[in-house]
$ cat run.txt   # compact mmCIF, C-alpha atoms
# COMPACT_ATOMS: atom_id res chain seq x y z
CA MET A 1 -25.11 70.59 -78.18
CA LEU A 2 -26.29 69.71 -74.69
CA ARG A 3 -28.70 67.21 -76.19
CA LYS A 4 -25.69 65.25 -77.43
CA ASP A 5 -23.77 65.52 -74.17
CA LEU A 6 -23.96 61.92 -73.00
CA GLU A 7 -22.03 62.59 -69.79
CA LEU A 8 -24.51 65.28 -68.76
CA LEU A 9 -27.53 63.25 -69.84
CA SER A 10 -26.39 60.26 -67.83
CA VAL A 11 -26.05 62.35 -64.65
CA LEU A 12 -29.15 64.48 -65.12
CA PRO A 13 -31.66 62.06 -63.52
CA SER A 14 -29.46 61.77 -60.39
CA LEU A 15 -29.15 65.55 -60.17
CA CYS A 16 -32.92 66.03 -60.48
CA ASP A 17 -33.48 63.30 -57.86
CA ALA A 18 -31.00 64.99 -55.52
CA ILE A 19 -32.85 68.31 -55.77
CA LYS A 20 -36.18 66.57 -55.30
CA ALA A 21 -34.80 64.85 -52.19
CA PHE A 22 -33.45 68.20 -50.93
CA LEU A 23 -36.94 69.72 -51.20
CA THR A 24 -38.73 66.69 -49.72
CA GLU A 25 -36.38 66.46 -46.71
CA ARG A 26 -37.29 70.04 -45.82
CA GLY A 27 -41.01 69.55 -46.39
CA LEU A 28 -40.94 71.99 -49.29
CA LYS A 29 -43.38 71.94 -52.15
CA GLY A 30 -42.07 73.07 -55.47
CA LEU A 31 -42.71 73.01 -59.14
CA GLY A 32 -39.79 72.15 -61.39
CA LYS A 33 -39.13 72.78 -65.04
CA ILE A 34 -36.21 72.14 -67.35
CA GLY A 35 -35.03 74.42 -70.12
CA VAL A 36 -31.98 75.34 -72.14
CA PHE A 37 -30.45 78.79 -72.19
CA ARG A 38 -28.17 79.84 -75.01
CA ASP A 39 -26.16 83.00 -74.41
CA ARG A 40 -26.11 84.81 -77.75
CA GLU A 41 -23.18 86.99 -76.70
CA ALA A 42 -20.83 84.12 -75.98
CA SER A 43 -19.48 81.22 -78.01
CA ASP A 44 -20.55 77.69 -77.03
CA ALA A 45 -22.45 79.03 -74.08
CA GLU A 46 -25.39 76.71 -73.61
CA VAL A 47 -26.59 75.65 -70.19
CA LEU A 48 -29.32 73.43 -68.90
CA VAL A 49 -31.66 75.32 -66.57
CA LEU A 50 -33.29 73.40 -63.72
CA GLU A 51 -35.78 75.85 -62.29
CA TYR A 52 -37.82 75.24 -59.15
CA GLY A 53 -40.62 77.43 -57.86
CA ILE A 54 -40.80 77.09 -54.07
CA GLU A 55 -44.16 77.41 -52.40
CA GLY A 56 -44.81 79.37 -49.20
CA LYS A 57 -41.41 81.00 -48.75
CA THR A 58 -40.29 84.61 -48.94
CA TYR A 59 -37.66 85.51 -51.51
CA SER A 60 -34.96 85.89 -48.86
CA GLU A 61 -35.80 82.38 -47.56
CA VAL A 62 -35.70 81.08 -51.12
CA LEU A 63 -32.23 82.60 -51.62
CA LYS A 64 -30.86 80.72 -48.61
CA LEU A 65 -32.45 77.45 -49.75
CA TRP A 66 -30.97 78.06 -53.19
CA ASP A 67 -27.52 78.39 -51.59
CA ASP A 68 -27.97 75.14 -49.67
CA ALA A 69 -29.21 73.21 -52.70
CA CYS A 70 -26.25 74.40 -54.79
CA ILE A 71 -23.76 73.57 -52.04
CA GLU A 72 -25.24 70.09 -51.79
CA ALA A 73 -25.03 69.71 -55.57
CA SER A 74 -21.39 70.77 -55.62
CA ASN A 75 -20.63 68.26 -52.86
CA ASN A 76 -22.06 65.46 -54.96
CA PHE A 77 -21.46 66.37 -58.59
CA PRO A 78 -18.22 67.35 -60.34
CA PRO A 79 -17.62 70.94 -61.55
CA GLU A 80 -17.43 69.68 -65.16
CA ILE A 81 -21.10 68.71 -64.92
CA LEU A 82 -22.23 71.73 -62.89
CA LYS A 83 -20.66 74.13 -65.39
CA LYS A 84 -23.29 72.94 -67.86
CA VAL A 85 -26.22 73.21 -65.44
CA VAL A 86 -27.78 76.10 -63.61
CA ILE A 87 -30.01 75.39 -60.64
CA VAL A 88 -32.52 78.16 -60.02
CA PHE A 89 -34.86 78.55 -57.05
CA ASP A 90 -37.61 81.13 -57.13
CA GLU A 91 -40.82 81.98 -55.32
CA LEU A 92 -43.92 80.24 -56.60
CA MET B 26 -10.46 106.52 -59.55
CA LYS B 27 -11.81 103.37 -61.18
CA PHE B 28 -15.52 102.89 -61.61
CA ASN B 29 -17.13 100.78 -58.89
CA PRO B 30 -19.48 98.19 -60.47
CA SER B 31 -21.76 98.36 -57.42
CA ASP B 32 -22.68 101.89 -58.54
CA PHE B 33 -24.83 100.22 -61.22
CA LEU B 34 -26.79 98.55 -58.44
CA ASP B 35 -27.08 101.76 -56.42
CA LEU B 36 -28.38 103.53 -59.52
CA ALA B 37 -30.88 100.71 -60.13
CA LYS B 38 -32.19 101.08 -56.57
CA GLN B 39 -32.54 104.83 -56.98
CA ILE B 40 -34.52 104.67 -60.20
CA VAL B 41 -36.71 101.60 -59.63
CA ASP B 42 -39.64 103.72 -58.39
CA PHE B 43 -38.91 106.61 -60.73
CA PRO B 44 -42.14 107.93 -62.28
CA THR B 45 -42.00 107.40 -66.03
CA ASN B 46 -44.17 106.51 -68.99
CA TYR B 47 -41.63 103.84 -69.90
CA ASP B 48 -42.08 101.34 -67.08
CA GLU B 49 -41.12 98.30 -69.12
CA ALA B 50 -38.03 99.99 -70.57
CA LEU B 51 -37.04 101.10 -67.07
CA ALA B 52 -37.48 97.57 -65.70
CA ARG B 53 -35.47 96.06 -68.56
CA SER B 54 -32.69 98.59 -67.96
CA ILE B 55 -32.63 97.87 -64.22
CA ILE B 56 -32.45 94.10 -64.80
CA GLY B 57 -29.42 94.70 -67.04
CA ARG B 58 -27.65 96.99 -64.58
CA ALA B 59 -28.35 94.58 -61.71
CA TYR B 60 -26.63 91.79 -63.64
CA PHE B 61 -23.63 93.88 -64.63
CA ALA B 62 -23.14 95.13 -61.06
CA ALA B 63 -22.81 91.51 -59.94
CA HIS B 64 -20.91 90.21 -62.97
CA LEU B 65 -18.31 93.00 -62.93
CA SER B 66 -17.80 92.60 -59.19
CA ALA B 67 -17.15 88.89 -59.68
CA ARG B 68 -14.96 89.49 -62.74
CA LYS B 69 -12.80 91.96 -60.84
CA LYS B 70 -12.14 89.43 -58.09
CA MET B 71 -11.63 86.44 -60.41
CA ARG B 72 -9.43 88.29 -62.89
CA ARG B 73 -7.13 89.50 -60.15
CA ARG B 74 -6.59 85.91 -58.98
CA TYR B 75 -6.76 84.08 -62.35
CA PRO B 76 -5.60 86.64 -64.97
CA THR B 77 -4.57 84.08 -67.60
CA ARG B 78 -8.10 82.67 -67.77
CA PHE B 79 -9.27 85.96 -69.24
CA LYS B 80 -6.71 86.07 -72.01
CA ARG B 81 -7.27 84.96 -75.59
CA LEU B 82 -11.03 84.70 -75.33
CA ARG B 83 -12.77 84.05 -78.63
CA ARG B 84 -15.51 86.61 -77.98
CA ARG B 85 -15.88 89.44 -75.52
CA GLY B 86 -18.96 87.75 -74.09
CA ASP B 87 -16.97 84.65 -73.18
CA GLU B 88 -15.65 86.34 -70.04
CA HIS B 89 -19.12 85.91 -68.46
CA LYS B 90 -18.83 82.16 -68.82
CA VAL B 91 -15.23 82.18 -67.57
CA VAL B 92 -16.25 83.97 -64.37
CA ARG B 93 -18.95 81.39 -63.65
CA GLU B 94 -16.68 78.49 -64.52
CA ILE B 95 -13.99 79.65 -62.10
CA LEU B 96 -16.58 80.13 -59.36
CA THR B 97 -17.82 76.59 -59.92
CA GLU B 98 -14.28 75.16 -59.88
CA ILE B 99 -13.42 76.85 -56.59
CA SER B 100 -16.58 75.58 -54.84
CA TYR B 101 -18.70 78.69 -55.24
CA TYR B 102 -21.27 77.09 -57.51
CA TYR B 103 -23.98 78.72 -55.38
CA VAL B 104 -22.68 82.12 -56.55
CA ALA B 105 -22.20 80.96 -60.15
CA SER B 106 -25.80 79.74 -60.35
CA LYS B 107 -27.21 83.04 -59.18
CA LEU B 108 -24.99 84.98 -61.56
CA GLU B 109 -26.23 82.82 -64.40
CA LYS B 110 -29.84 83.42 -63.38
CA LEU B 111 -29.21 87.17 -63.43
CA ASN B 112 -27.60 86.73 -66.85
CA ILE B 113 -30.56 84.74 -68.20
CA ASP B 114 -32.97 87.45 -67.06
CA ARG B 115 -30.67 90.15 -68.43
CA SER B 116 -30.53 88.42 -71.79
CA LYS B 117 -34.33 88.20 -71.94
CA ALA B 118 -34.64 91.86 -70.90
CA ASP B 119 -32.18 92.98 -73.57
CA TYR B 120 -33.13 90.77 -76.49
CA ASP B 121 -36.54 89.17 -76.06
CA MET B 122 -39.09 91.76 -77.11
CA ARG B 123 -41.88 89.16 -77.27
CA VAL B 124 -42.21 89.14 -73.52
CA TYR B 125 -44.56 91.89 -72.44
CA LEU B 126 -44.28 93.09 -68.89
CA ASP B 127 -47.19 95.01 -67.41
CA LEU B 128 -46.48 97.72 -64.86
CA GLU B 129 -46.73 95.45 -61.82
CA GLU B 130 -44.76 92.59 -63.34
CA ALA B 131 -42.07 94.92 -64.65
CA LYS B 132 -41.55 96.48 -61.25
CA ARG B 133 -41.62 93.09 -59.49
CA LYS B 134 -38.99 91.64 -61.84
CA ALA B 135 -36.79 94.73 -61.52
CA LYS B 136 -36.95 94.64 -57.71
CA LYS B 137 -36.18 90.94 -57.64
CA ALA B 138 -33.15 91.47 -59.89
CA ILE B 139 -31.94 94.16 -57.48
CA ASP B 140 -32.38 91.85 -54.46
CA LEU B 141 -30.59 88.99 -56.20
CA SER B 142 -27.74 91.19 -57.39
CA GLU B 143 -27.26 92.61 -53.90
CA TYR B 144 -27.21 89.11 -52.42
CA VAL B 145 -24.66 87.91 -54.99
CA ILE B 146 -22.40 90.93 -54.49
CA GLN B 147 -22.35 90.27 -50.74
CA GLN B 148 -21.41 86.64 -51.43
CA ILE B 149 -18.66 87.71 -53.83
CA LYS B 150 -17.14 89.90 -51.10
CA LEU B 151 -16.95 86.84 -48.84
CA ILE B 152 -15.10 84.65 -51.34
CA ILE B 153 -11.79 83.42 -49.97
CA PHE B 154 -9.21 81.85 -52.28
CA LYS B 155 -7.51 78.75 -50.92
$ encode --input "run.txt" --output "structure tokens"
Amino acid sequence: MLRKDLELLSVLPSLCDAIKAFLTERGLKGLGKIGVFRDREASDAEVLVLEYGIEGKTYSEVLKLWDDACIEASNNFPPEILKKVVIVFDEL
Amino acid sequence: MKFNPSDFLDLAKQIVDFPTNYDEALARSIIGRAYFAAHLSARKKMRRRYPTRFKRLRRRGDEHKVVREILTEISYYYVASKLEKLNIDRSKADYDMRVYLDLEEAKRKAKKAIDLSEYVIQQIKLIIFK
């Protein structure tokens, strides 16, 4: 379903660029990957997962960066788009 | 007295280093309890403020999505994202038997789920409705 979501697909490159810029501005090195998660317990519950492994940070530091990245995303992208995307930061 | 969802998290913390021959099963159980501690805490707060959003759901599992959608709409996407991450890991722990976790990895994943759940529950407590 997400693969046919033209609105999401048209915004996706900007969202990825925004996260990349967020990491670069803070001198962070990370490894990103994209996946799809389908919740088998819910109906129509498919989300795009943008997962970033952050190098050289403790998990508590990663959690704060994760907050900041999500806040920046919600300042720049509408909730209708963000409901279909989950941004994940983790330790690398 | 009603059950406090955070008790799931307190239980998870108590048993994470419990000596057992079932390390992977223990880790999978902890990951599930860590998610539900956070999800039920968020649901309680959201349902009190937006009760109609939880009515007439097609499937019981749809309430998980509703909680995250409300959080995103009211500018708490940073909480919604972490809840979804906990849910993704919970789903893998409950359903995906292909993933094998060795002792170290199982314990690491369980402890990380506890940390994330604790962080999310603290953030949920700080949510203010406008």
$ atom_distance --input "run.txt" --atom1 "CA of Ser66 (chain B)" --atom2 "CA of Phe77 (chain A)"
26.5 Å
$ interface_residues --input "run.txt" --of "chain B" --to "chain A" --cutoff "12 Å" --atoms "only C-alpha atoms" --output "VMD selection string"
chain B and resid 82 to 117 119 to 121 133 to 134 136 to 145 148
$ closest_residue --input "run.txt" --among "B:Ile149, B:Ala118, B:Ile40, B:Leu51" --to "Leu65 (chain B)" --atoms "only C-alpha atoms"
B:Ile149
$ closest_residue --input "run.txt" --among "B:Met71, B:Met122, B:Ile146, B:Ile56" --to "Leu36 (chain B)" --atoms "all atoms listed in the file"
B:Ile56
$ atom_distance --input "run.txt" --atom1 "CA of Ala62 (chain B)" --atom2 "CA of Phe79 (chain B)"
18.5 Å
$ residues_around --input "run.txt" --residues "region 42-44 of chain B" --least-positions-apart "3" --cutoff "12 Å" --atoms "only C-alpha atoms" --output "VMD selection string"
chain B and resid 36 to 39 47 to 52 55 128 to 129 131 to 133 135 to 136
$ axis_aligned_box --input "run.txt" --around "region 30-42 of chain B" --padding-each-side "3 Å" --output "AutoDock Vina command-line options"
--center_x -29.6 --center_y 101.5 --center_z -58.8 --size_x 26.2 --size_y 12.6 --size_z 10.8
$ atom_distance --input "run.txt" --atom1 "CA of Lys80 (chain B)" --atom2 "CA of His64 (chain B)"
17.3 Å
$ residues_around --input "run.txt" --residues "Leu12 (chain A)" --least-positions-apart "5" --cutoff "10 Å" --atoms "only C-alpha atoms" --output "VMD selection string"
chain A and resid 6 to 7 17 to 18 48 50 81 85
$ residues_near_point --input "run.txt" --point "(-40.1, 76.1, -62.5)" --cutoff "7 Å" --atoms "all atoms listed in the file" --output "NGL selection string"
:A and (31-33 or 51-53)
$ write_last_selection --input "run.txt" --atoms "C-alpha atoms" --output "short mmCIF file (atom, residue, chain, number, x, y, z; two decimals), keeping the file's coordinate frame"
data_model
loop_
_atom_site.label_atom_id
_atom_site.label_comp_id
_atom_site.auth_asym_id
_atom_site.auth_seq_id
_atom_site.Cartn_x
_atom_site.Cartn_y
_atom_site.Cartn_z
CA LEU A 31 -42.71 73.01 -59.14
CA GLY A 32 -39.79 72.15 -61.39
CA LYS A 33 -39.13 72.78 -65.04
CA GLU A 51 -35.78 75.85 -62.29
CA TYR A 52 -37.82 75.24 -59.15
CA GLY A 53 -40.62 77.43 -57.86
#
$ closest_residue --input "run.txt" --among "A:Leu2, A:Leu92, A:Cys16, A:Val11" --to "Lys29 (chain A)" --atoms "only C-alpha atoms"
A:Leu92
$ build_atoms --input "run.txt" --residues "region 78-92 of chain B" --atoms "N, CA and C atoms" --output "PDB file, keeping the file's coordinate frame"
ATOM      1  N   ARG B  78      -6.832  83.224 -67.287  1.00  0.00           N
ATOM      2  CA  ARG B  78      -8.100  82.670 -67.770  1.00  0.00           C
ATOM      3  C   ARG B  78      -8.887  83.667 -68.625  1.00  0.00           C
ATOM      4  N   PHE B  79      -8.532  84.919 -68.507  1.00  0.00           N
ATOM      5  CA  PHE B  79      -9.270  85.960 -69.240  1.00  0.00           C
ATOM      6  C   PHE B  79      -8.561  86.400 -70.509  1.00  0.00           C
ATOM      7  N   LYS B  80      -7.455  85.717 -70.809  1.00  0.00           N
ATOM      8  CA  LYS B  80      -6.710  86.070 -72.010  1.00  0.00           C
ATOM      9  C   LYS B  80      -7.128  85.172 -73.172  1.00  0.00           C
ATOM     10  N   ARG B  81      -6.981  85.694 -74.359  1.00  0.00           N
ATOM     11  CA  ARG B  81      -7.270  84.960 -75.590  1.00  0.00           C
ATOM     12  C   ARG B  81      -8.690  84.382 -75.636  1.00  0.00           C
ATOM     13  N   LEU B  82      -9.645  85.146 -75.223  1.00  0.00           N
ATOM     14  CA  LEU B  82     -11.030  84.700 -75.330  1.00  0.00           C
ATOM     15  C   LEU B  82     -11.508  84.915 -76.760  1.00  0.00           C
ATOM     16  N   ARG B  83     -12.322  83.960 -77.242  1.00  0.00           N
ATOM     17  CA  ARG B  83     -12.770  84.050 -78.630  1.00  0.00           C
ATOM     18  C   ARG B  83     -13.684  85.267 -78.841  1.00  0.00           C
ATOM     19  N   ARG B  84     -14.595  85.467 -77.892  1.00  0.00           N
ATOM     20  CA  ARG B  84     -15.510  86.610 -77.980  1.00  0.00           C
ATOM     21  C   ARG B  84     -15.532  87.337 -76.656  1.00  0.00           C
ATOM     22  N   ARG B  85     -15.818  88.611 -76.728  1.00  0.00           N
ATOM     23  CA  ARG B  85     -15.880  89.440 -75.520  1.00  0.00           C
ATOM     24  C   ARG B  85     -16.837  88.828 -74.477  1.00  0.00           C
ATOM     25  N   GLY B  86     -17.942  88.305 -74.989  1.00  0.00           N
ATOM     26  CA  GLY B  86     -18.960  87.750 -74.090  1.00  0.00           C
ATOM     27  C   GLY B  86     -18.522  86.485 -73.372  1.00  0.00           C
ATOM     28  N   ASP B  87     -17.427  85.878 -73.813  1.00  0.00           N
ATOM     29  CA  ASP B  87     -16.970  84.650 -73.180  1.00  0.00           C
ATOM     30  C   ASP B  87     -16.487  84.860 -71.748  1.00  0.00           C
ATOM     31  N   GLU B  88     -16.148  86.086 -71.408  1.00  0.00           N
ATOM     32  CA  GLU B  88     -15.650  86.340 -70.040  1.00  0.00           C
ATOM     33  C   GLU B  88     -16.749  86.055 -69.002  1.00  0.00           C
ATOM     34  N   HIS B  89     -18.014  86.183 -69.397  1.00  0.00           N
ATOM     35  CA  HIS B  89     -19.120  85.910 -68.460  1.00  0.00           C
ATOM     36  C   HIS B  89     -19.084  84.440 -68.048  1.00  0.00           C
ATOM     37  N   LYS B  90     -18.883  83.607 -69.063  1.00  0.00           N
ATOM     38  CA  LYS B  90     -18.830  82.160 -68.820  1.00  0.00           C
ATOM     39  C   LYS B  90     -17.594  81.808 -67.983  1.00  0.00           C
ATOM     40  N   VAL B  91     -16.482  82.449 -68.290  1.00  0.00           N
ATOM     41  CA  VAL B  91     -15.230  82.180 -67.570  1.00  0.00           C
ATOM     42  C   VAL B  91     -15.402  82.480 -66.076  1.00  0.00           C
ATOM     43  N   VAL B  92     -16.029  83.599 -65.780  1.00  0.00           N
ATOM     44  CA  VAL B  92     -16.250  83.970 -64.370  1.00  0.00           C
ATOM     45  C   VAL B  92     -17.039  82.863 -63.661  1.00  0.00           C
TER      46      VAL B  92
END
